[in-house]
file my_file.pdb (PDB, C-alpha atoms and all ligand atoms)
ATOM      1  CA  MET A   1     124.405  77.061  86.321
ATOM      2  CA  ILE A   2     121.977  79.874  85.787
ATOM      3  CA  LYS A   3     122.888  82.654  83.394
ATOM      4  CA  LYS A   4     119.938  84.963  83.548
ATOM      5  CA  LEU A   5     117.290  85.681  86.141
ATOM      6  CA  ALA A   6     114.264  87.955  85.741
ATOM      7  CA  ILE A   7     112.512  89.879  88.504
ATOM      8  CA  THR A   8     109.060  90.961  87.416
ATOM      9  CA  GLY A   9     106.843  93.498  89.156
ATOM     10  CA  GLY A  10     103.502  95.072  88.362
ATOM     11  CA  THR A  11     102.008  91.894  86.930
ATOM     12  CA  HIS A  12      99.039  93.203  88.902
ATOM     13  CA  GLY A  13      99.175  96.978  88.505
ATOM     14  CA  ASN A  14      97.654  97.709  91.923
ATOM     15  CA  GLU A  15     100.257  95.688  93.875
ATOM     16  CA  LEU A  16     102.751  98.410  94.540
ATOM     17  CA  THR A  17     105.560  96.574  96.350
ATOM     18  CA  GLY A  18     106.713  94.932  93.118
ATOM     19  CA  VAL A  19     106.020  98.037  91.071
ATOM     20  CA  TYR A  20     108.238 100.202  93.283
ATOM     21  CA  LEU A  21     110.948  97.608  93.879
ATOM     22  CA  VAL A  22     111.429  97.422  90.107
ATOM     23  CA  LYS A  23     111.526 101.247  89.963
ATOM     24  CA  LYS A  24     114.132 101.245  92.745
ATOM     25  CA  TRP A  25     116.331  98.671  91.007
ATOM     26  CA  LYS A  26     116.110 100.478  87.702
ATOM     27  CA  ARG A  27     117.435 103.536  89.538
ATOM     28  CA  TYR A  28     120.081 101.590  91.500
ATOM     29  CA  PRO A  29     120.957  98.618  89.264
ATOM     30  CA  GLU A  30     124.145  97.869  91.205
ATOM     31  CA  LEU A  31     121.956  96.415  93.997
ATOM     32  CA  LEU A  32     121.138  93.468  91.734
ATOM     33  CA  LYS A  33     124.666  92.872  90.396
ATOM     34  CA  ARG A  34     126.203  89.510  91.178
ATOM     35  CA  ARG A  35     129.459  87.998  89.879
ATOM     36  CA  ASN A  36     128.287  85.146  87.708
ATOM     37  CA  PHE A  37     124.836  85.788  86.237
ATOM     38  CA  LYS A  38     122.708  88.628  84.921
ATOM     39  CA  THR A  39     119.476  89.913  86.410
ATOM     40  CA  LEU A  40     116.854  91.600  84.339
ATOM     41  CA  CYS A  41     114.155  93.545  86.132
ATOM     42  CA  LEU A  42     111.002  94.799  84.492
ATOM     43  CA  HIS A  43     107.384  95.853  84.810
ATOM     44  CA  THR A  44     105.180  93.298  83.114
ATOM     45  CA  ASN A  45     101.936  95.289  82.752
ATOM     46  CA  GLU A  46     102.754  99.003  82.294
ATOM     47  CA  GLN A  47      99.189  99.940  81.372
ATOM     48  CA  SER A  48      97.666  98.385  84.480
ATOM     49  CA  ILE A  49     100.372 100.063  86.616
ATOM     50  CA  LYS A  50      99.452 103.413  85.084
ATOM     51  CA  GLU A  51      95.793 102.816  85.873
ATOM     52  CA  VAL A  52      96.552 101.223  89.303
ATOM     53  CA  ARG A  53      94.343  98.307  88.345
ATOM     54  CA  ARG A  54      94.895  94.591  88.673
ATOM     55  CA  TYR A  55      94.513  94.192  84.904
ATOM     56  CA  ILE A  56      92.958  95.846  81.869
ATOM     57  CA  ASP A  57      90.965  92.985  80.263
ATOM     58  CA  GLN A  58      91.966  89.811  82.065
ATOM     59  CA  ASP A  59      94.351  88.599  84.768
ATOM     60  CA  LEU A  60      97.878  88.627  83.274
ATOM     61  CA  ASN A  61      98.948  86.081  85.865
ATOM     62  CA  ARG A  62      96.518  83.568  84.352
ATOM     63  CA  SER A  63      97.493  84.291  80.743
ATOM     64  CA  PHE A  64     100.481  81.993  80.183
ATOM     65  CA  LYS A  65      98.916  78.671  79.296
ATOM     66  CA  SER A  66     100.807  77.195  76.338
ATOM     67  CA  ARG A  67      97.663  76.930  74.281
ATOM     68  CA  ASP A  68      96.771  80.594  74.891
ATOM     69  CA  LEU A  69     100.290  81.710  74.015
ATOM     70  CA  SER A  70      99.974  80.022  70.628
ATOM     71  CA  ASP A  71      96.400  81.190  69.970
ATOM     72  CA  GLU A  72      96.626  84.163  67.607
ATOM     73  CA  SER A  73      92.890  84.824  67.818
ATOM     74  CA  LEU A  74      93.100  86.124  71.412
ATOM     75  CA  GLU A  75      92.794  89.887  71.301
ATOM     76  CA  THR A  76      92.711  91.111  74.908
ATOM     77  CA  HIS A  77      95.371  93.485  76.218
ATOM     78  CA  GLU A  78      96.831  90.807  78.498
ATOM     79  CA  ALA A  79      96.677  87.994  75.910
ATOM     80  CA  LYS A  80      98.763  90.122  73.545
ATOM     81  CA  LEU A  81     101.064  91.224  76.351
ATOM     82  CA  ALA A  82     101.618  87.605  77.428
ATOM     83  CA  LYS A  83     102.887  86.757  73.934
ATOM     84  CA  LYS A  84     105.307  89.712  73.990
ATOM     85  CA  LEU A  85     106.590  88.754  77.442
ATOM     86  CA  ASN A  86     106.930  85.143  76.369
ATOM     87  CA  ALA A  87     109.102  86.222  73.427
ATOM     88  CA  LEU A  88     111.244  88.298  75.807
ATOM     89  CA  LEU A  89     111.550  85.940  78.797
ATOM     90  CA  GLY A  90     110.584  82.511  77.453
ATOM     91  CA  PRO A  91     109.612  80.999  75.222
ATOM     92  CA  LYS A  92     107.762  78.771  77.635
ATOM     93  CA  GLY A  93     108.850  75.141  77.432
ATOM     94  CA  SER A  94     112.008  75.960  75.442
ATOM     95  CA  ASP A  95     115.314  74.146  76.108
ATOM     96  CA  THR A  96     117.115  77.443  75.567
ATOM     97  CA  PRO A  97     114.878  80.062  77.204
ATOM     98  CA  ASN A  98     115.994  83.686  77.450
ATOM     99  CA  VAL A  99     115.883  83.525  81.244
ATOM    100  CA  ASP A 100     116.444  80.557  83.544
ATOM    101  CA  PHE A 101     114.496  81.739  86.561
ATOM    102  CA  ILE A 102     111.617  84.186  87.086
ATOM    103  CA  VAL A 103     110.617  85.656  90.410
ATOM    104  CA  ASP A 104     107.325  87.517  90.139
ATOM    105  CA  LEU A 105     106.497  90.067  92.860
ATOM    106  CA  HIS A 106     102.999  90.276  94.300
ATOM    107  CA  THR A 107     101.166  91.592  97.328
ATOM    108  CA  THR A 108      98.012  90.324  98.977
ATOM    109  CA  THR A 109      95.298  91.841 101.120
ATOM    110  CA  ALA A 110      95.411  88.620 103.159
ATOM    111  CA  ASN A 111      97.560  88.465 106.285
ATOM    112  CA  MET A 112     100.101  86.069 104.766
ATOM    113  CA  GLY A 113     103.315  87.744 105.903
ATOM    114  CA  LEU A 114     106.199  86.928 103.617
ATOM    115  CA  SER A 115     105.363  83.907 101.496
ATOM    116  CA  ILE A 116     106.309  82.096  98.332
ATOM    117  CA  VAL A 117     103.799  80.568  95.964
ATOM    118  CA  VAL A 118     105.219  77.699  93.941
ATOM    119  CA  SER A 119     103.521  76.232  90.919
ATOM    120  CA  ASN A 120     106.485  75.904  88.575
ATOM    121  CA  GLU A 121     108.254  73.097  90.422
ATOM    122  CA  SER A 122     111.825  72.052  89.703
ATOM    123  CA  ALA A 123     114.713  70.704  91.765
ATOM    124  CA  LEU A 124     116.489  74.045  91.436
ATOM    125  CA  THR A 125     113.415  76.018  92.488
ATOM    126  CA  TRP A 126     113.070  73.888  95.630
ATOM    127  CA  LYS A 127     116.749  74.208  96.390
ATOM    128  CA  ALA A 128     116.510  77.997  96.174
ATOM    129  CA  ILE A 129     113.414  77.980  98.394
ATOM    130  CA  ALA A 130     115.118  75.777 100.998
ATOM    131  CA  TYR A 131     117.962  78.307 101.132
ATOM    132  CA  LEU A 132     115.516  81.197 101.534
ATOM    133  CA  CYS A 133     113.695  79.388 104.360
ATOM    134  CA  GLN A 134     116.992  79.001 106.137
ATOM    135  CA  MET A 135     117.787  82.694 105.735
ATOM    136  CA  GLU A 136     114.248  83.855 106.610
ATOM    137  CA  PRO A 137     112.719  81.371 109.074
ATOM    138  CA  ALA A 138     109.345  83.180 109.066
ATOM    139  CA  LEU A 139     108.967  82.590 105.316
ATOM    140  CA  LYS A 140     105.974  80.403 104.389
ATOM    141  CA  VAL A 141     105.809  78.256 101.268
ATOM    142  CA  TYR A 142     102.541  77.469  99.564
ATOM    143  CA  ARG A 143     102.392  74.949  96.731
ATOM    144  CA  TRP A 144      99.535  76.187  94.615
ATOM    145  CA  GLN A 145      97.322  74.075  92.446
ATOM    146  CA  GLY A 146      94.523  76.569  92.349
ATOM    147  CA  ASP A 147      92.084  77.800  89.791
ATOM    148  CA  GLU A 148      94.292  77.455  86.727
ATOM    149  CA  GLU A 149      97.468  75.449  86.455
ATOM    150  CA  GLY A 150     100.572  76.565  84.601
ATOM    151  CA  ALA A 151      99.321  80.007  83.643
ATOM    152  CA  PHE A 152     101.497  82.174  85.887
ATOM    153  CA  VAL A 153     104.177  84.637  84.768
ATOM    154  CA  ASP A 154     106.918  82.476  86.311
ATOM    155  CA  SER A 155     105.813  79.509  84.166
ATOM    156  CA  MET A 156     107.574  81.087  81.150
ATOM    157  CA  ALA A 157     110.957  80.037  82.602
ATOM    158  CA  PRO A 158     112.036  76.522  83.603
ATOM    159  CA  HIS A 159     112.371  77.628  87.232
ATOM    160  CA  GLY A 160     110.784  80.264  89.428
ATOM    161  CA  PHE A 161     108.083  81.287  91.844
ATOM    162  CA  ALA A 162     105.963  84.203  92.989
ATOM    163  CA  ILE A 163     106.447  86.158  96.185
ATOM    164  CA  GLU A 164     103.261  87.168  98.011
ATOM    165  CA  VAL A 165     103.482  89.592 100.883
ATOM    166  CA  GLY A 166     100.659  90.966 103.028
ATOM    167  CA  ALA A 167      98.479  92.197 104.418
ATOM    168  CA  VAL A 168      98.501  95.385 102.387
ATOM    169  CA  PRO A 169      95.609  97.071 100.589
ATOM    170  CA  GLN A 170      95.657  97.313  96.807
ATOM    171  CA  GLY A 171      97.296 100.534  95.633
ATOM    172  CA  VAL A 172      99.242 100.970  98.880
ATOM    173  CA  LEU A 173     102.969 100.835  99.552
ATOM    174  CA  ARG A 174     104.119  99.707 103.016
ATOM    175  CA  ALA A 175     107.774 100.074 103.948
ATOM    176  CA  ASP A 176     107.891  96.992 106.191
ATOM    177  CA  LEU A 177     106.622  94.641 103.487
ATOM    178  CA  PHE A 178     108.719  96.391 100.839
ATOM    179  CA  LEU A 179     111.875  95.810 102.912
ATOM    180  CA  GLN A 180     111.007  92.151 103.589
ATOM    181  CA  THR A 181     110.472  91.454  99.903
ATOM    182  CA  GLU A 182     113.651  93.316  98.979
ATOM    183  CA  ALA A 183     115.712  91.347 101.518
ATOM    184  CA  LEU A 184     114.333  88.060 100.186
ATOM    185  CA  ILE A 185     115.394  88.993  96.645
ATOM    186  CA  TYR A 186     118.959  89.724  97.807
ATOM    187  CA  HIS A 187     119.055  86.310  99.511
ATOM    188  CA  LEU A 188     117.864  84.727  96.271
ATOM    189  CA  LEU A 189     120.556  86.476  94.242
ATOM    190  CA  ASP A 190     123.174  85.431  96.805
ATOM    191  CA  PHE A 191     121.931  81.854  96.524
ATOM    192  CA  PHE A 192     122.407  81.800  92.760
ATOM    193  CA  GLU A 193     125.836  83.378  93.040
ATOM    194  CA  LYS A 194     126.878  80.586  95.433
ATOM    195  CA  PHE A 195     125.065  77.928  93.409
ATOM    196  CA  ASN A 196     126.903  78.981  90.242
ATOM    197  CA  GLU A 197     130.195  78.763  92.119
ATOM    198  CA  GLY A 198     129.404  75.177  93.061
ATOM    199  CA  GLU A 199     128.992  75.839  96.778
ATOM    200  CA  HIS A 200     127.763  72.873  98.746
ATOM    201  CA  PHE A 201     124.662  73.757 100.743
ATOM    202  CA  THR A 202     124.234  72.117 104.095
ATOM    203  CA  TYR A 203     120.658  72.941 104.990
ATOM    204  CA  ASP A 204     118.000  70.485 106.052
ATOM    205  CA  LYS A 205     116.756  68.242 103.244
ATOM    206  CA  ARG A 206     113.228  68.352 104.594
ATOM    207  CA  LEU A 207     111.169  71.404 103.917
ATOM    208  CA  GLU A 208     107.827  72.172 105.518
ATOM    209  CA  ILE A 209     105.338  73.530 103.022
ATOM    210  CA  TYR A 210     101.604  74.140 102.704
ATOM    211  CA  ASP A 211     100.162  71.984  99.973
ATOM    212  CA  HIS A 212      97.026  73.262  98.276
ATOM    213  CA  GLN A 213      93.902  71.140  98.757
ATOM    214  CA  LYS A 214      90.856  73.162  97.787
ATOM    215  CA  LEU A 215      89.185  76.531  97.395
ATOM    216  CA  VAL A 216      86.279  77.746  99.509
ATOM    217  CA  ASP A 217      83.804  80.191  98.001
ATOM    218  CA  TYR A 218      81.573  82.635  99.872
ATOM    219  CA  PRO A 219      77.928  81.761 100.350
ATOM    220  CA  ARG A 220      76.188  83.444  97.394
ATOM    221  CA  ASP A 221      72.640  84.188  96.272
ATOM    222  CA  SER A 222      71.077  83.000  93.011
ATOM    223  CA  GLU A 223      72.551  86.030  91.237
ATOM    224  CA  GLY A 224      76.038  85.170  92.385
ATOM    225  CA  ASP A 225      76.313  88.010  94.893
ATOM    226  CA  ILE A 226      77.948  87.152  98.203
ATOM    227  CA  THR A 227      75.610  86.802 101.183
ATOM    228  CA  ALA A 228      78.303  86.539 103.847
ATOM    229  CA  MET A 229      81.747  87.785 104.753
ATOM    230  CA  VAL A 230      84.720  86.030 106.291
ATOM    231  CA  HIS A 231      83.923  85.558 109.980
ATOM    232  CA  GLU A 232      85.796  87.897 112.299
ATOM    233  CA  LYS A 233      87.334  84.928 114.102
ATOM    234  CA  ARG A 234      88.843  83.643 110.824
ATOM    235  CA  GLN A 235      89.950  87.028 109.457
ATOM    236  CA  ASP A 236      93.781  87.395 109.398
ATOM    237  CA  LYS A 237      94.284  83.757 110.482
ATOM    238  CA  ASP A 238      96.327  82.812 107.431
ATOM    239  CA  PHE A 239      98.494  79.691 107.821
ATOM    240  CA  THR A 240      96.481  78.561 110.837
ATOM    241  CA  LEU A 241      94.364  75.456 111.156
ATOM    242  CA  ILE A 242      90.595  75.420 110.820
ATOM    243  CA  THR A 243      88.691  72.455 112.244
ATOM    244  CA  SER A 244      85.064  71.349 112.044
ATOM    245  CA  GLY A 245      82.720  73.549 114.026
ATOM    246  CA  GLU A 246      84.888  76.694 113.903
ATOM    247  CA  PRO A 247      83.293  79.889 112.517
ATOM    248  CA  ILE A 248      84.186  80.576 108.889
ATOM    249  CA  PHE A 249      81.557  83.028 107.550
ATOM    250  CA  LEU A 250      79.241  85.639 108.995
ATOM    251  CA  MET A 251      75.992  85.861 107.011
ATOM    252  CA  LEU A 252      74.363  89.236 106.396
ATOM    253  CA  SER A 253      71.515  87.830 108.492
ATOM    254  CA  GLY A 254      73.901  87.723 111.456
ATOM    255  CA  GLU A 255      74.085  83.948 111.463
ATOM    256  CA  THR A 256      77.491  82.306 111.836
ATOM    257  CA  VAL A 257      78.446  79.582 109.353
ATOM    258  CA  CYS A 258      80.795  76.979 110.781
ATOM    259  CA  TYR A 259      83.388  75.048 108.835
ATOM    260  CA  GLU A 260      82.670  71.382 108.244
ATOM    261  CA  GLY A 261      85.352  69.068 106.992
ATOM    262  CA  GLU A 262      88.903  67.852 107.454
ATOM    263  CA  PRO A 263      91.225  70.155 109.386
ATOM    264  CA  TYR A 264      93.190  72.319 106.963
ATOM    265  CA  TYR A 265      95.314  75.460 107.038
ATOM    266  CA  THR A 266      93.575  78.565 105.687
ATOM    267  CA  ILE A 267      95.489  80.773 103.225
ATOM    268  CA  PHE A 268      94.668  83.874 101.137
ATOM    269  CA  ILE A 269      91.821  84.650 103.543
ATOM    270  CA  ASN A 270      89.658  87.481 102.206
ATOM    271  CA  GLU A 271      92.023  88.383  99.348
ATOM    272  CA  ALA A 272      90.337  91.309  97.577
ATOM    273  CA  ALA A 273      91.153  90.077  94.070
ATOM    274  CA  TYR A 274      89.542  86.699  94.667
ATOM    275  CA  TYR A 275      85.953  87.892  95.210
ATOM    276  CA  GLU A 276      85.533  87.835  91.440
ATOM    277  CA  LYS A 277      87.349  84.518  91.092
ATOM    278  CA  GLY A 278      84.879  82.927  93.469
ATOM    279  CA  PHE A 279      86.869  82.081  96.521
ATOM    280  CA  ALA A 280      87.082  83.377 100.040
ATOM    281  CA  MET A 281      90.147  81.375 101.062
ATOM    282  CA  CYS A 282      92.293  78.404 100.130
ATOM    283  CA  LEU A 283      92.690  75.269 102.209
ATOM    284  CA  ALA A 284      96.029  73.523 102.477
ATOM    285  CA  LYS A 285      97.729  70.677 104.275
ATOM    286  CA  LYS A 286     101.063  71.109 106.003
ATOM    287  CA  VAL A 287     103.483  68.547 104.567
ATOM    288  CA  GLN A 288     107.204  67.874 104.604
ATOM    289  CA  ILE A 289     108.907  67.406 101.290
ATOM    290  CA  GLU A 290     112.418  66.197 100.629
ATOM    291  CA  ILE A 291     114.770  68.464  98.710
ATOM    292  CA  GLU A 292     117.602  67.275  96.479
ATOM    293  CA  ILE A 293     120.788  68.880  97.700
TER     294      ILE A 293
HETATM  295 ZN    ZN B 301      99.194  89.685  92.451
END
call {"tool": "encode", "arguments": {"input": "my_file.pdb", "output": "structure tokens"}}
result
Amino acid sequence: MIKKLAITGGTHGNELTGVYLVKKWKRYPELLKRRNFKTLCLHTNEQSIKEVRRYIDQDLNRSFKSRDLSDESLETHEAKLAKKLNALLGPKGSDTPNVDFIVDLHTTTANMGLSIVVSNESALTWKAIAYLCQMEPALKVYRWQGDEEGAFVDSMAPHGFAIEVGAVPQGVLRADLFLQTEALIYHLLDFFEKFNEGEHFTYDKRLEIYDHQKLVDYPRDSEGDITAMVHEKRQDKDFTLITSGEPIFLMLSGETVCYEGEPYYTIFINEAAYYEKGFAMCLAKKVQIEIEI
């Protein structure tokens, strides 16, 4: 039984789908009302929303490691904000957290369509995702074990995930992606309403997901500046396979760099926010996992 769910938007202040969905739901709260649990919806980083920036001092969506949350010496805007949010929505790791489930709304400049990024795994989270995949067959699920584990906003609650939708530039609102994200949230709320009523779900126990394998950085010079861009044949090919010998980067010199290695699916291709993190795309394997029903 879940009692309280939180929908968070504006964790990255330049990802407007989540920012404006939260504004919409604050104006029309009845859209989120369900019979047997409460939904809280909030902006997580007001200052970065105001400045239409990803963050002020550091990435808020990497600021929820347990050790950082208990480190009083951390003084950045987001480190302090993470502690406040953890008091409101967590505390992380608690048996009696203030919310049971967090869904954090993001957008990406990569052509990922409607996707879910899972790092906070639980039986209930998977069950909810399986339901969403049934309702939205185009939905893709990416199990992330990327640059930093357990530091996402949704990690404050025992269950949850992030929604990523794209491609959309930073600071831009697109109606089609807005509507897709909104519809997915209503399916999620409907799922919990049915789950709380003890409904038996009959969907397939096997779920196809993309399992993170590794990160690929751009070719860079000795100063760390990139010396290539994503190759035009790889651009926008999110959730498609790359095999040895296929073009991956185009050097400033005009030379094509080909991928060498095991065949993997490419995800988050050319995400604007990841230039500074040092990766051009993620590589994943397609796997089937079994869900407890
Ligand atoms: Zn984001």
call {"tool": "residues_around", "arguments": {"input": "my_file.pdb", "residues": "Phe279 of chain A", "least_positions_apart": "4", "cutoff": "6 Å", "atoms": "all atoms listed in the file", "output": "list in words"}}
result
Val216, Asp217 and Tyr274 of chain A
call {"tool": "write_last_selection", "arguments": {"input": "my_file.pdb", "atoms": "C-alpha atoms", "output": "JSON list (two decimals), in the frame of the given file"}}
result
[["chain", "number", "residue", "atom", "x", "y", "z"],
["A", 216, "VAL", "CA", 86.28, 77.75, 99.51],
["A", 217, "ASP", "CA", 83.80, 80.19, 98.00],
["A", 274, "TYR", "CA", 89.54, 86.70, 94.67]]
call {"tool": "residues_near_ligand", "arguments": {"input": "my_file.pdb", "ligand": "ligand ZN 301 (chain B)", "cutoff": "12 Å", "atoms": "only C-alpha atoms and all ligand atoms", "output": "PyMOL selection string"}}
result
chain A and resi 8-19+44-45+48-49+53-55+59-62+104-110+116-117+152-153+162-166+168-171+268+271-274
call {"tool": "closest_residue", "arguments": {"input": "my_file.pdb", "among": "A:Lys38, A:Lys26, A:Lys92, A:Lys50", "to": "Arg67 of chain A", "atoms": "all atoms listed in the file"}}
result
A:Lys92
call {"tool": "atom_distance", "arguments": {"input": "my_file.pdb", "atom1": "atom CA of Ala6 of chain A", "atom2": "atom CA of Met156 of chain A"}}
result
10.6 Å
call {"tool": "atom_distance", "arguments": {"input": "my_file.pdb", "atom1": "atom CA of Arg174 of chain A", "atom2": "atom CA of Leu283 of chain A"}}
result
27.0 Å
call {"tool": "resolve_selection", "arguments": {"input": "my_file.pdb", "expression": "the PyMOL selection byres (((chain A and resi 229) around 8) and not hetatm)", "output": "mmCIF file with C-alpha atoms, keeping the file's coordinate frame"}}
result
data_model
loop_
_atom_site.group_PDB
_atom_site.id
_atom_site.type_symbol
_atom_site.label_atom_id
_atom_site.label_comp_id
_atom_site.auth_asym_id
_atom_site.auth_seq_id
_atom_site.Cartn_x
_atom_site.Cartn_y
_atom_site.Cartn_z
ATOM 1 C CA TYR A 218 81.573 82.635 99.872
ATOM 2 C CA ILE A 226 77.948 87.152 98.203
ATOM 3 C CA THR A 227 75.610 86.802 101.183
ATOM 4 C CA ALA A 228 78.303 86.539 103.847
ATOM 5 C CA VAL A 230 84.720 86.030 106.291
ATOM 6 C CA HIS A 231 83.923 85.558 109.980
ATOM 7 C CA PHE A 249 81.557 83.028 107.550
ATOM 8 C CA LEU A 250 79.241 85.639 108.995
ATOM 9 C CA MET A 251 75.992 85.861 107.011
ATOM 10 C CA LEU A 252 74.363 89.236 106.396
#
call {"tool": "atom_distance", "arguments": {"input": "my_file.pdb", "atom1": "atom CA of Phe101 of chain A", "atom2": "atom CA of Leu173 of chain A"}}
result
25.8 Å
call {"tool": "closest_residue", "arguments": {"input": "my_file.pdb", "among": "A:Pro263, A:Gly224, A:Pro158, A:Gly245", "to": "Ala284 of chain A", "atoms": "all atoms listed in the file"}}
result
A:Pro263
call {"tool": "resolve_selection", "arguments": {"input": "my_file.pdb", "expression": "the PyMOL selection byres (((chain A and resi 131) around 12) and not hetatm)", "output": "ChimeraX atom specification"}}
result
/A:124-130,132-137,139,184-192,194-195,200-207,291-293
call {"tool": "closest_residue", "arguments": {"input": "my_file.pdb", "among": "A:Ala87, A:Met112, A:Ile248, A:Ile2", "to": "Ile267 of chain A", "atoms": "all atoms listed in the file"}}
result
A:Met112
call {"tool": "closest_residue", "arguments": {"input": "my_file.pdb", "among": "A:Ser155, A:Thr256, A:Gly150, A:Trp144", "to": "Cys282 of chain A", "atoms": "only C-alpha atoms"}}
result
A:Trp144
call {"tool": "axis_aligned_box", "arguments": {"input": "my_file.pdb", "around": "segment 263-267 of chain A", "padding_each_side": "4 Å", "output": "lines of an AutoDock Vina configuration file"}}
result
center_x = 93.4
center_y = 75.5
center_z = 106.3
size_x = 12.3
size_y = 18.6
size_z = 14.2
call {"tool": "closest_residue", "arguments": {"input": "my_file.pdb", "among": "A:Gly160, A:Pro91, A:Pro29, A:Gly113", "to": "Leu5 of chain A", "atoms": "only C-alpha atoms"}}
result
A:Gly160
call {"tool": "closest_residue", "arguments": {"input": "my_file.pdb", "among": "A:Glu182, A:Glu246, A:Asp238, A:Asp176", "to": "Cys258 of chain A", "atoms": "all atoms listed in the file"}}
result
A:Glu246
call {"tool": "resolve_selection", "arguments": {"input": "my_file.pdb", "expression": "the PyMOL selection byres (((chain A and resi 142) around 8) and not hetatm)", "output": "count of residues only"}}
result
12
call {"tool": "residues_near_point", "arguments": {"input": "my_file.pdb", "point": "(95.6, 88.9, 74.5)", "cutoff": "12 Å", "atoms": "all atoms listed in the file", "output": "NGL selection string"}}
result
:A and (55-60 or 62-65 or 68-85)
call {"tool": "decode", "arguments": {"input": "my_file.pdb", "residues": "segment 143-168 of chain A", "atoms": "C-alpha atoms", "output": "PDB file, in the first residue's frame"}}
result
ATOM      1  CA  ARG A 143      18.510   0.632 -15.950  1.00  0.00           C
ATOM      2  CA  TRP A 144      21.192   3.145 -15.136  1.00  0.00           C
ATOM      3  CA  GLN A 145      24.411   2.432 -13.348  1.00  0.00           C
ATOM      4  CA  GLY A 146      26.167   5.476 -14.659  1.00  0.00           C
ATOM      5  CA  ASP A 147      28.568   8.006 -13.305  1.00  0.00           C
ATOM      6  CA  GLU A 148      27.353   8.040  -9.713  1.00  0.00           C
ATOM      7  CA  GLU A 149      25.173   5.458  -8.049  1.00  0.00           C
ATOM      8  CA  GLY A 150      22.378   6.235  -5.620  1.00  0.00           C
ATOM      9  CA  ALA A 151      22.596  10.007  -5.864  1.00  0.00           C
ATOM     10  CA  PHE A 152      19.376  10.757  -7.745  1.00  0.00           C
ATOM     11  CA  VAL A 153      16.355  12.661  -6.419  1.00  0.00           C
ATOM     12  CA  ASP A 154      14.216   9.502  -6.538  1.00  0.00           C
ATOM     13  CA  SER A 155      16.698   7.711  -4.246  1.00  0.00           C
ATOM     14  CA  MET A 156      15.242   9.610  -1.253  1.00  0.00           C
ATOM     15  CA  ALA A 157      12.165   7.334  -1.331  1.00  0.00           C
ATOM     16  CA  PRO A 158      12.120   3.527  -1.165  1.00  0.00           C
ATOM     17  CA  HIS A 159      10.626   3.363  -4.665  1.00  0.00           C
ATOM     18  CA  GLY A 160      10.707   5.534  -7.759  1.00  0.00           C
ATOM     19  CA  PHE A 161      12.295   6.445 -11.049  1.00  0.00           C
ATOM     20  CA  ALA A 162      13.009   9.326 -13.394  1.00  0.00           C
ATOM     21  CA  ILE A 163      11.194  10.034 -16.631  1.00  0.00           C
ATOM     22  CA  GLU A 164      13.364  11.237 -19.520  1.00  0.00           C
ATOM     23  CA  VAL A 165      11.707  12.541 -22.639  1.00  0.00           C
ATOM     24  CA  GLY A 166      13.351  13.888 -25.792  1.00  0.00           C
ATOM     25  CA  ALA A 167      14.625  15.164 -28.017  1.00  0.00           C
ATOM     26  CA  VAL A 168      14.003  18.696 -26.820  1.00  0.00           C
TER      27      VAL A 168
END
